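Here's the structure we're looking at; comments come further down.
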Amino acid sequence: MPASLSKRVQKVKPSPTLAVTARAAKLKAEGKDIIGLGAGEPDFDTPTHIADAGVEAIRKGVTRYTAVDGTVELKDAIVAKFKRDNDLTYDRSQIIVSSGAKQTCFNVCAALLDPGDECVIPAPYWVSYPDMALLADGVPVFVNAGPEQGYKITPRQLAAAMTPRTKLLFINSPSNPTGAAYTRAELQALGKVLDDHPRVVIASDEMYEHIYWAPEPFTSFAQANPQLYDRTVTINGVSKAYAMTGWRIGYCGAPRDLVTAMSTIQGQSTSNASSISQRAATVALNGDQSCVAQMNKAFKERHDFVVAGLNALPGVSCLPGAGTFYAFANVEGAMRKLGLKDDNAFAEFLLVEAGVAVVPGSGFGAPNHMRISFACSLQTLAEALKRLQRVLGAGVAKSA
C-alpha cells in the first residue's frame, strides 16, 4: 500500500528554476544544442585563495562536526562583515550559519509561522518564498509590483496588505528575478508602515548585495531602519558574490531569541553546515575583496548587453536592473504575436525552436515574463540573443 503523503508536502511545487535546468540538461544529454539561461549561478570559478582554504581545511583535518550555528571564526567574520559593509552591529549569539541562504530563509519561516499566520511577499518574488511559508503552515500574501513601478512595492500597497494575522515580510533587494533594488528612501518609507505593525518580522534577503551597480550605494534594510533592527533578519551568504554556490554557506544576523529558535530547528534537520565550506567562507569574508569587484564588473557588462539585446527583440521589453545577474523581460507582445497561451508555452517554444532555456515569469509570480540569467559568457549571450531574434522575428509558433 503506497504511503499517504502529508497535506503539507502536497501544498508545494518543485522549483521552476531547477525544473528548467533539469529539462535543459536532459535535452543536452540527448544531443540537442541547448543554451541554458535558467540557472542562477555564477560561471566564474571560486577565487583561488578561497578554494585553497577549503583544500587546506581537508588536509589539516577540519572535517568534523562544528557547532550547529557555525564556527566561532566564521561567526566573527560575519560580525565583521556586517559592521564593515552595512554598519550593523551583531554579536556571535545573533548569528547563525546554514547550508545556504535558502535554509536560512526556511528556518525563519519554520521558527516564526504558525498555522494561519500570513507572510507578505512582494511579487515578482524568488520562487521559494511562498512554498517555504506553506511548508511552515503559513499563508503567503502577494503584493504585486509591475514594470510600471519598477517591480518595487509602494508603502500604500504594503499598508493594504497588513492584517492582524501578518507575521512575516520578505524583502529581496537587489531582487531575484528582476534585478530591482530599493533605495534608502524607499526602504525608509516601507519602514514607516512597519512601525505601526510591531508583530511583523522583516526578513531582508540581501544575497545579491555585492552584485550591484546602481548610482546610490547599497543600503541594508536594517541600516535604513535602525528602529526596526530588533525585528529584522538580515540574510546573506557567499554563494553569489564569491562564486561559491556549491559550497552551500548562508547566514543571517537576527534577534537573539529568533537565532536560538532557528538553531534548534537546524539542529533537528541538517545540523551544521560543512566544516570545510565554513573555513573557506571565513577566508572569503576576511580576505581580499578585489575578486568581488572584478566579477561585478563583468556582470554589469553582461547586463548592459543583454538588456539592450532583449529590448531589440519584437514584442519584448526589459527594464534595466540595479544588480544581480538576471534580466526580467515582459514578453506579452511576443506571446500574442506567436499565438501562445501563456509564458510556460512561450518558454517551451524558445527551448524547442531556439534551443534557449529560460524560466517562465509565472514561477516568480509575474505571468507574461521570462527570466534570463546572464551568468555566462558574452559570446554565449550573443548566440542566445541571435537565436531569439531568429525565432521571434519569424512571428509564427509551429505549435500554435
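Each chain in the C-alpha cells gets a letter, A, B, ..., in the order shown, and its residues are numbered from 1; ligands are numbered from 1 in order too.
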
Find the residues near Glu56 in chain A: any atom within 10 Å, counting only C-alpha atoms, skip ones fewer than 6 places away on the same chain, and give them as a list of chain:residue names.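 Those residues are A:Ile50, A:Val62, A:Ile276, A:Arg279, A:Ala280.
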
Show me a table, sorted first by chain and then by increasing residue number, of the residues of range 189-221 of chain A having an atom at most 8 Å from range 321-337 of chain A, each with its shortest atom pair and the distance in Å to one decimal, counting only C-alpha atoms and written as CSV.
residue,atom,partner,partner_atom,distance
A:Tyr208,CA,A:Thr324,CA,5.6
A:Glu209,CA,A:Gly323,CA,7.9
A:Ile211,CA,A:Thr324,CA,5.2
A:Tyr212,CA,A:Gly323,CA,3.9
A:Trp213,CA,A:Ala322,CA,5.6
A:Ala214,CA,A:Ala322,CA,4.9

Spatial neighbours of Leu285 in chain A, max dist 8 Å, only C-alpha atoms, sep filter under 6 positions, as a PyMOL selection string: chain A and resi 77-78+81

Could those residues be written to a file, using all heavy atoms, as a PDB file, in the first residue's frame?
ATOM      1  N   ALA A  77      33.782  36.489  11.475  1.00  0.00           N
ATOM      2  CA  ALA A  77      33.952  37.091  10.149  1.00  0.00           C
ATOM      3  C   ALA A  77      32.642  37.717   9.669  1.00  0.00           C
ATOM      4  O   ALA A  77      32.643  38.777   9.017  1.00  0.00           O
ATOM      5  CB  ALA A  77      34.437  36.037   9.153  1.00  0.00           C
ATOM      6  N   ILE A  78      31.527  37.078   9.978  1.00  0.00           N
ATOM      7  CA  ILE A  78      30.209  37.603   9.596  1.00  0.00           C
ATOM      8  C   ILE A  78      29.901  38.872  10.386  1.00  0.00           C
ATOM      9  O   ILE A  78      29.404  39.861   9.828  1.00  0.00           O
ATOM     10  CB  ILE A  78      29.134  36.525   9.812  1.00  0.00           C
ATOM     11  CG1 ILE A  78      29.337  35.374   8.824  1.00  0.00           C
ATOM     12  CG2 ILE A  78      27.732  37.122   9.654  1.00  0.00           C
ATOM     13  CD1 ILE A  78      28.545  34.117   9.166  1.00  0.00           C
ATOM     14  N   LYS A  81      31.868  41.528   8.818  1.00  0.00           N
ATOM     15  CA  LYS A  81      31.296  41.895   7.517  1.00  0.00           C
ATOM     16  C   LYS A  81      30.101  42.825   7.682  1.00  0.00           C
ATOM     17  O   LYS A  81      29.972  43.840   6.976  1.00  0.00           O
ATOM     18  CB  LYS A  81      30.879  40.637   6.750  1.00  0.00           C
ATOM     19  CG  LYS A  81      30.169  40.924   5.421  1.00  0.00           C
ATOM     20  CD  LYS A  81      28.655  40.836   5.594  1.00  0.00           C
ATOM     21  CE  LYS A  81      27.913  41.138   4.339  1.00  0.00           C
ATOM     22  NZ  LYS A  81      27.602  42.530   4.074  1.00  0.00           N
TER      23      LYS A  81
END

Top pick for closest residue to Gly54 in chain A, considering A:Ser274, A:Thr232, A:Asn286, A:Gln268 and counting only C-alpha atoms: A:Ser274

Min atom-atom distance to Thr66 in chain A from the set A:Lys13, A:Gly250, A:Pro320, A:Ser98, counting only C-alpha atoms, belongs to A:Ser98

Which residue out of A:Gly365, A:Gly70, A:Gly179, A:Pro115 has the minimum interatomic distance to Val307 in chain A when only C-alpha atoms are used?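 The closest residue to Val307 in chain A is A:Gly179.
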
Among the residues A:Ala345, A:Ala281, A:Val316, A:Ala254, the one that comes closest to Thr234 in chain A [using only C-alpha atoms]: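 For Thr234 in chain A, the nearest of the candidates is A:Ala254.
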
Would you mind telling me which residue in A:Gly146, A:Gly191, A:Gln278, A:Leu351 lies nearest to Val238 in chain A when using only C-alpha atoms?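 Checking each candidate against Val238 in chain A, we get A:Gln278 as the closest.
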
Select, from A:Pro130, A:Pro177, A:Gly61, A:Gly40, the residue with the minimum atom-to-atom distance to Met370 in chain A, counting only C-alpha atoms.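 Closest residue, counting only C-alpha atoms: A:Pro177.
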
Mind pulling up the distance from CA of Asp45 in chain A to CA of Val356 in chain A?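 Between CA of Val356 in chain A and CA of Asp45 in chain A the gap is 23.3 Å.
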
Among range 121-304 of chain A, which ones does DSSP place in alpha helix (DSSP H), written as a CSV table (one decimal) with N, CA, C and O atoms, in the first residue's frame?
chain,number,residue,atom,x,y,z
A,128,SER,N,11.1,30.4,-4.1
A,128,SER,CA,10.9,29.6,-2.9
A,128,SER,C,10.2,30.2,-1.8
A,128,SER,O,9.8,29.5,-0.9
A,129,TYR,N,10.1,31.5,-1.7
A,129,TYR,CA,9.5,32.2,-0.6
A,129,TYR,C,8.0,31.6,-0.3
A,129,TYR,O,7.7,31.2,0.8
A,130,PRO,N,7.2,31.6,-1.3
A,130,PRO,CA,5.8,31.1,-1.0
A,130,PRO,C,5.7,29.7,-0.5
A,130,PRO,O,5.0,29.4,0.5
A,131,ASP,N,6.5,28.8,-1.1
A,131,ASP,CA,6.5,27.4,-0.7
A,131,ASP,C,7.1,27.2,0.7
A,131,ASP,O,6.7,26.3,1.4
A,132,MET,N,8.1,28.0,1.0
A,132,MET,CA,8.6,27.9,2.4
A,132,MET,C,7.6,28.3,3.4
A,132,MET,O,7.4,27.7,4.5
A,133,ALA,N,6.8,29.4,3.1
A,133,ALA,CA,5.7,29.8,4.0
A,133,ALA,C,4.7,28.7,4.1
A,133,ALA,O,4.2,28.4,5.2
A,134,LEU,N,4.4,28.1,3.0
A,134,LEU,CA,3.4,27.0,3.0
A,134,LEU,C,3.8,25.8,3.8
A,134,LEU,O,3.1,25.2,4.6
A,135,LEU,N,5.1,25.4,3.7
A,135,LEU,CA,5.7,24.3,4.4
A,135,LEU,C,5.6,24.6,6.0
A,135,LEU,O,5.6,23.6,6.7
A,155,PRO,N,4.7,51.9,-0.3
A,155,PRO,CA,4.2,51.9,1.1
A,155,PRO,C,2.7,51.7,1.2
A,155,PRO,O,2.2,51.0,2.1
A,156,ARG,N,2.0,52.3,0.3
A,156,ARG,CA,0.5,52.2,0.3
A,156,ARG,C,0.1,50.7,0.1
A,156,ARG,O,-0.8,50.2,0.8
A,157,GLN,N,0.8,50.0,-0.8
A,157,GLN,CA,0.5,48.6,-1.1
A,157,GLN,C,0.8,47.8,0.1
A,157,GLN,O,0.1,46.9,0.5
A,158,LEU,N,2.0,48.1,0.8
A,158,LEU,CA,2.3,47.3,1.9
A,158,LEU,C,1.3,47.5,3.1
A,158,LEU,O,0.9,46.5,3.7
A,159,ALA,N,0.9,48.7,3.3
A,159,ALA,CA,-0.1,49.0,4.3
A,159,ALA,C,-1.4,48.3,4.1
A,159,ALA,O,-2.0,47.7,5.0
A,160,ALA,N,-1.8,48.2,2.8
A,160,ALA,CA,-3.0,47.5,2.5
A,160,ALA,C,-2.9,46.0,2.7
A,160,ALA,O,-3.9,45.3,2.9
A,161,ALA,N,-1.7,45.4,2.6
A,161,ALA,CA,-1.5,44.0,2.8
A,161,ALA,C,-1.5,43.6,4.2
A,161,ALA,O,-1.6,42.4,4.6
A,184,ARG,N,17.6,53.8,-0.3
A,184,ARG,CA,17.4,54.0,1.1
A,184,ARG,C,16.1,54.7,1.5
A,184,ARG,O,15.4,54.3,2.4
A,185,ALA,N,15.7,55.7,0.7
A,185,ALA,CA,14.5,56.4,0.9
A,185,ALA,C,13.3,55.5,0.8
A,185,ALA,O,12.3,55.6,1.6
A,186,GLU,N,13.3,54.6,-0.2
A,186,GLU,CA,12.2,53.7,-0.4
A,186,GLU,C,12.1,52.7,0.8
A,186,GLU,O,11.0,52.3,1.2
A,187,LEU,N,13.3,52.2,1.2
A,187,LEU,CA,13.3,51.3,2.4
A,187,LEU,C,12.7,52.0,3.6
A,187,LEU,O,12.0,51.4,4.4
A,188,GLN,N,13.1,53.3,3.8
A,188,GLN,CA,12.6,54.0,5.0
A,188,GLN,C,11.1,54.2,4.9
A,188,GLN,O,10.4,54.2,5.9
A,189,ALA,N,10.6,54.5,3.7
A,189,ALA,CA,9.1,54.6,3.5
A,189,ALA,C,8.4,53.4,3.9
A,189,ALA,O,7.3,53.4,4.5
A,190,LEU,N,8.9,52.2,3.5
A,190,LEU,CA,8.3,50.9,3.9
A,190,LEU,C,8.5,50.7,5.4
A,190,LEU,O,7.5,50.2,6.1
A,191,GLY,N,9.6,51.1,6.0
A,191,GLY,CA,9.8,51.0,7.4
A,191,GLY,C,8.8,51.8,8.2
A,191,GLY,O,8.4,51.3,9.3
A,192,LYS,N,8.4,53.0,7.7
A,192,LYS,CA,7.4,53.8,8.4
A,192,LYS,C,6.1,53.0,8.5
A,192,LYS,O,5.3,53.1,9.5
A,193,VAL,N,5.7,52.3,7.5
A,193,VAL,CA,4.5,51.4,7.5
A,193,VAL,C,4.6,50.4,8.6
A,193,VAL,O,3.7,50.1,9.4
A,194,LEU,N,5.8,49.7,8.6
A,194,LEU,CA,6.0,48.6,9.6
A,194,LEU,C,6.1,49.1,11.0
A,194,LEU,O,5.9,48.3,11.9
A,195,ASP,N,6.4,50.4,11.2
A,195,ASP,CA,6.4,50.9,12.6
A,195,ASP,C,5.1,50.7,13.3
A,195,ASP,O,5.0,50.6,14.5
A,221,PHE,N,18.3,46.9,4.8
A,221,PHE,CA,17.0,47.3,5.3
A,221,PHE,C,17.2,47.8,6.8
A,221,PHE,O,16.7,48.9,7.1
A,222,ALA,N,17.9,47.0,7.6
A,222,ALA,CA,18.1,47.4,9.0
A,222,ALA,C,19.0,48.7,9.1
A,222,ALA,O,18.8,49.5,10.0
A,223,GLN,N,19.8,48.9,8.1
A,223,GLN,CA,20.7,50.1,8.1
A,223,GLN,C,19.8,51.3,7.8
A,223,GLN,O,20.0,52.4,8.4
A,224,ALA,N,18.8,51.2,6.9
A,224,ALA,CA,17.9,52.3,6.6
A,224,ALA,C,16.9,52.5,7.7
A,224,ALA,O,16.3,53.6,7.9
A,256,ARG,N,18.3,37.7,19.1
A,256,ARG,CA,19.0,36.5,19.8
A,256,ARG,C,18.0,35.4,19.9
A,256,ARG,O,18.3,34.2,19.7
A,257,ASP,N,16.7,35.7,20.3
A,257,ASP,CA,15.8,34.6,20.6
A,257,ASP,C,15.4,33.9,19.3
A,257,ASP,O,15.1,32.7,19.3
A,258,LEU,N,15.3,34.6,18.2
A,258,LEU,CA,15.0,34.0,16.9
A,258,LEU,C,16.1,33.2,16.4
A,258,LEU,O,15.9,32.0,15.9
A,259,VAL,N,17.4,33.6,16.6
A,259,VAL,CA,18.5,32.8,16.2
A,259,VAL,C,18.6,31.5,17.0
A,259,VAL,O,18.8,30.4,16.5
A,260,THR,N,18.2,31.6,18.3
A,260,THR,CA,18.2,30.4,19.1
A,260,THR,C,17.2,29.4,18.6
A,260,THR,O,17.4,28.2,18.5
A,261,ALA,N,16.0,29.9,18.2
A,261,ALA,CA,14.9,29.0,17.7
A,261,ALA,C,15.3,28.4,16.3
A,261,ALA,O,15.1,27.2,16.1
A,262,MET,N,16.0,29.2,15.5
A,262,MET,CA,16.4,28.7,14.2
A,262,MET,C,17.5,27.7,14.4
A,262,MET,O,17.6,26.7,13.6
A,263,SER,N,18.4,27.9,15.4
A,263,SER,CA,19.4,26.9,15.7
A,263,SER,C,18.8,25.6,16.1
A,263,SER,O,19.3,24.5,15.8
A,264,THR,N,17.7,25.6,16.9
A,264,THR,CA,17.0,24.4,17.4
A,264,THR,C,16.5,23.7,16.2
A,264,THR,O,16.6,22.4,16.1
A,265,ILE,N,15.8,24.4,15.3
A,265,ILE,CA,15.3,23.7,14.1
A,265,ILE,C,16.4,23.1,13.2
A,265,ILE,O,16.3,22.0,12.8
A,266,GLN,N,17.4,23.9,13.0
A,266,GLN,CA,18.5,23.4,12.2
A,266,GLN,C,19.2,22.2,12.9
A,266,GLN,O,19.6,21.2,12.2
A,267,GLY,N,19.3,22.2,14.2
A,267,GLY,CA,19.9,21.1,14.9
A,267,GLY,C,19.1,19.8,14.8
A,267,GLY,O,19.7,18.7,15.0
A,275,SER,N,32.0,21.8,7.5
A,275,SER,CA,33.1,22.4,8.2
A,275,SER,C,34.1,23.0,7.2
A,275,SER,O,34.7,24.0,7.4
A,276,ILE,N,34.3,22.3,6.1
A,276,ILE,CA,35.2,22.7,5.1
A,276,ILE,C,34.8,24.0,4.4
A,276,ILE,O,35.5,25.0,4.2
A,277,SER,N,33.5,24.1,4.1
A,277,SER,CA,32.9,25.3,3.5
A,277,SER,C,33.0,26.4,4.4
A,277,SER,O,33.2,27.6,4.0
A,278,GLN,N,32.8,26.2,5.7
A,278,GLN,CA,32.8,27.3,6.7
A,278,GLN,C,34.2,27.9,6.7
A,278,GLN,O,34.4,29.1,6.8
A,279,ARG,N,35.3,27.0,6.7
A,279,ARG,CA,36.6,27.6,6.7
A,279,ARG,C,36.9,28.4,5.4
A,279,ARG,O,37.4,29.5,5.5
A,280,ALA,N,36.4,28.0,4.3
A,280,ALA,CA,36.6,28.7,3.0
A,280,ALA,C,35.8,30.0,3.1
A,280,ALA,O,36.3,31.1,2.6
A,281,ALA,N,34.6,30.0,3.6
A,281,ALA,CA,33.7,31.2,3.7
A,281,ALA,C,34.4,32.2,4.7
A,281,ALA,O,34.3,33.4,4.4
A,282,THR,N,35.1,31.8,5.7
A,282,THR,CA,35.8,32.7,6.6
A,282,THR,C,36.9,33.4,5.8
A,282,THR,O,37.0,34.7,6.0
A,283,VAL,N,37.6,32.7,5.0
A,283,VAL,CA,38.6,33.4,4.2
A,283,VAL,C,38.0,34.3,3.2
A,283,VAL,O,38.5,35.4,2.9
A,284,ALA,N,36.9,33.9,2.6
A,284,ALA,CA,36.2,34.8,1.6
A,284,ALA,C,35.8,36.1,2.3
A,284,ALA,O,36.1,37.2,1.7
A,285,LEU,N,35.2,36.1,3.4
A,285,LEU,CA,34.7,37.3,4.1
A,285,LEU,C,35.9,38.2,4.6
A,285,LEU,O,35.8,39.4,4.6
A,286,ASN,N,36.9,37.5,5.1
A,286,ASN,CA,38.0,38.2,5.7
A,286,ASN,C,39.1,38.7,4.8
A,286,ASN,O,39.9,39.6,5.1
A,290,SER,N,38.9,42.2,-3.9
A,290,SER,CA,39.0,42.6,-5.3
A,290,SER,C,38.4,41.6,-6.2
A,290,SER,O,37.9,42.1,-7.3
A,291,CYS,N,38.3,40.4,-5.9
A,291,CYS,CA,37.7,39.4,-6.8
A,291,CYS,C,36.2,39.7,-6.9
A,291,CYS,O,35.6,39.4,-8.0
A,292,VAL,N,35.6,40.2,-5.9
A,292,VAL,CA,34.2,40.5,-5.9
A,292,VAL,C,33.9,41.6,-6.9
A,292,VAL,O,33.0,41.6,-7.8
A,293,ALA,N,34.8,42.7,-6.9
A,293,ALA,CA,34.6,43.8,-7.8
A,293,ALA,C,34.9,43.4,-9.2
A,293,ALA,O,34.2,43.9,-10.1
A,294,GLN,N,35.8,42.5,-9.5
A,294,GLN,CA,36.1,42.0,-10.8
A,294,GLN,C,34.9,41.3,-11.4
A,294,GLN,O,34.5,41.5,-12.6
A,295,MET,N,34.3,40.4,-10.6
A,295,MET,CA,33.1,39.7,-11.1
A,295,MET,C,32.0,40.6,-11.3
A,295,MET,O,31.2,40.5,-12.3
A,296,ASN,N,31.8,41.6,-10.4
A,296,ASN,CA,30.7,42.5,-10.6
A,296,ASN,C,30.8,43.4,-11.9
A,296,ASN,O,29.8,43.6,-12.5
A,297,LYS,N,32.0,43.7,-12.2
A,297,LYS,CA,32.3,44.5,-13.4
A,297,LYS,C,31.8,43.7,-14.6
A,297,LYS,O,31.2,44.2,-15.6
A,298,ALA,N,32.2,42.4,-14.6
A,298,ALA,CA,31.8,41.5,-15.8
A,298,ALA,C,30.2,41.4,-15.8
A,298,ALA,O,29.7,41.4,-16.9
A,299,PHE,N,29.6,41.2,-14.7
A,299,PHE,CA,28.1,41.1,-14.7
A,299,PHE,C,27.5,42.4,-15.2
A,299,PHE,O,26.5,42.3,-15.9
A,300,LYS,N,28.0,43.5,-14.8
A,300,LYS,CA,27.4,44.8,-15.3
A,300,LYS,C,27.6,44.9,-16.8
A,300,LYS,O,26.6,45.3,-17.5
A,301,GLU,N,28.7,44.5,-17.4
A,301,GLU,CA,28.9,44.5,-18.8
A,301,GLU,C,27.9,43.6,-19.5
A,301,GLU,O,27.2,43.9,-20.5
A,302,ARG,N,27.7,42.4,-18.9
A,302,ARG,CA,26.7,41.4,-19.5
A,302,ARG,C,25.3,42.0,-19.4
A,302,ARG,O,24.5,41.8,-20.3
A,303,HIS,N,25.0,42.6,-18.2
A,303,HIS,CA,23.7,43.2,-18.0
A,303,HIS,C,23.3,44.2,-19.1
A,303,HIS,O,22.3,44.1,-19.8
A,304,ASP,N,24.3,45.1,-19.4
A,304,ASP,CA,24.0,46.1,-20.4
A,304,ASP,C,23.8,45.5,-21.8
A,304,ASP,O,22.9,45.9,-22.5

Mind the document's chain letters and residue numbers, and return as a list of chain:residue names the residues of range 157-304 of chain A that DSSP labels strand (DSSP E or B). A:Thr166, A:Lys167, A:Leu168, A:Leu169, A:Phe170, A:Ile171, A:Asn172, A:Val201, A:Ile202, A:Ala203, A:Ser204, A:Asp205, A:Tyr212, A:Thr232, A:Val233, A:Thr234, A:Ile235, A:Asn236, A:Gly237, A:Gly250, A:Tyr251, A:Cys252, A:Gly253

Taking 5 positions as the minimum chain separation for residues in the same chain, which residues sit within 10 Å of Cys252 in chain A when counting only C-alpha atoms? Answer as a PyMOL selection string. chain A and resi 75+78-79+82+94-98+101+104-105+108+203-206+232-237+259

Would you mind exporting C-alpha atoms of the selected residues as an mmCIF file, in the first residue's frame?
data_model
loop_
_atom_site.group_PDB
_atom_site.id
_atom_site.type_symbol
_atom_site.label_atom_id
_atom_site.label_comp_id
_atom_site.auth_asym_id
_atom_site.auth_seq_id
_atom_site.Cartn_x
_atom_site.Cartn_y
_atom_site.Cartn_z
ATOM 1 C CA LYS A 75 30.667 33.955 13.004
ATOM 2 C CA ILE A 78 30.209 37.603 9.596
ATOM 3 C CA VAL A 79 30.010 40.051 12.511
ATOM 4 C CA PHE A 82 28.001 43.319 8.795
ATOM 5 C CA GLN A 94 22.853 36.845 16.892
ATOM 6 C CA ILE A 95 24.462 34.946 14.013
ATOM 7 C CA ILE A 96 23.552 31.574 12.541
ATOM 8 C CA VAL A 97 25.322 29.849 9.646
ATOM 9 C CA SER A 98 23.258 27.496 7.482
ATOM 10 C CA ALA A 101 20.688 31.179 2.473
ATOM 11 C CA THR A 104 18.270 30.357 6.424
ATOM 12 C CA CYS A 105 15.006 31.574 4.872
ATOM 13 C CA VAL A 108 12.979 31.812 9.574
ATOM 14 C CA ALA A 203 13.297 39.030 6.515
ATOM 15 C CA SER A 204 15.649 41.083 4.351
ATOM 16 C CA ASP A 205 17.289 38.842 1.757
ATOM 17 C CA GLU A 206 20.425 40.671 0.634
ATOM 18 C CA THR A 232 14.853 42.421 11.189
ATOM 19 C CA VAL A 233 16.577 39.276 9.956
ATOM 20 C CA THR A 234 19.433 40.309 7.659
ATOM 21 C CA ILE A 235 20.084 37.372 5.324
ATOM 22 C CA ASN A 236 23.166 36.943 3.163
ATOM 23 C CA GLY A 237 25.691 34.344 2.051
ATOM 24 C CA VAL A 259 18.524 32.800 16.212
#

Provide the CA of Gln227 in chain A to CA of Pro215 in chain A distance in Å, to one decimal place.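 We find that CA of Gln227 in chain A and CA of Pro215 in chain A lie 25.6 Å from each other.
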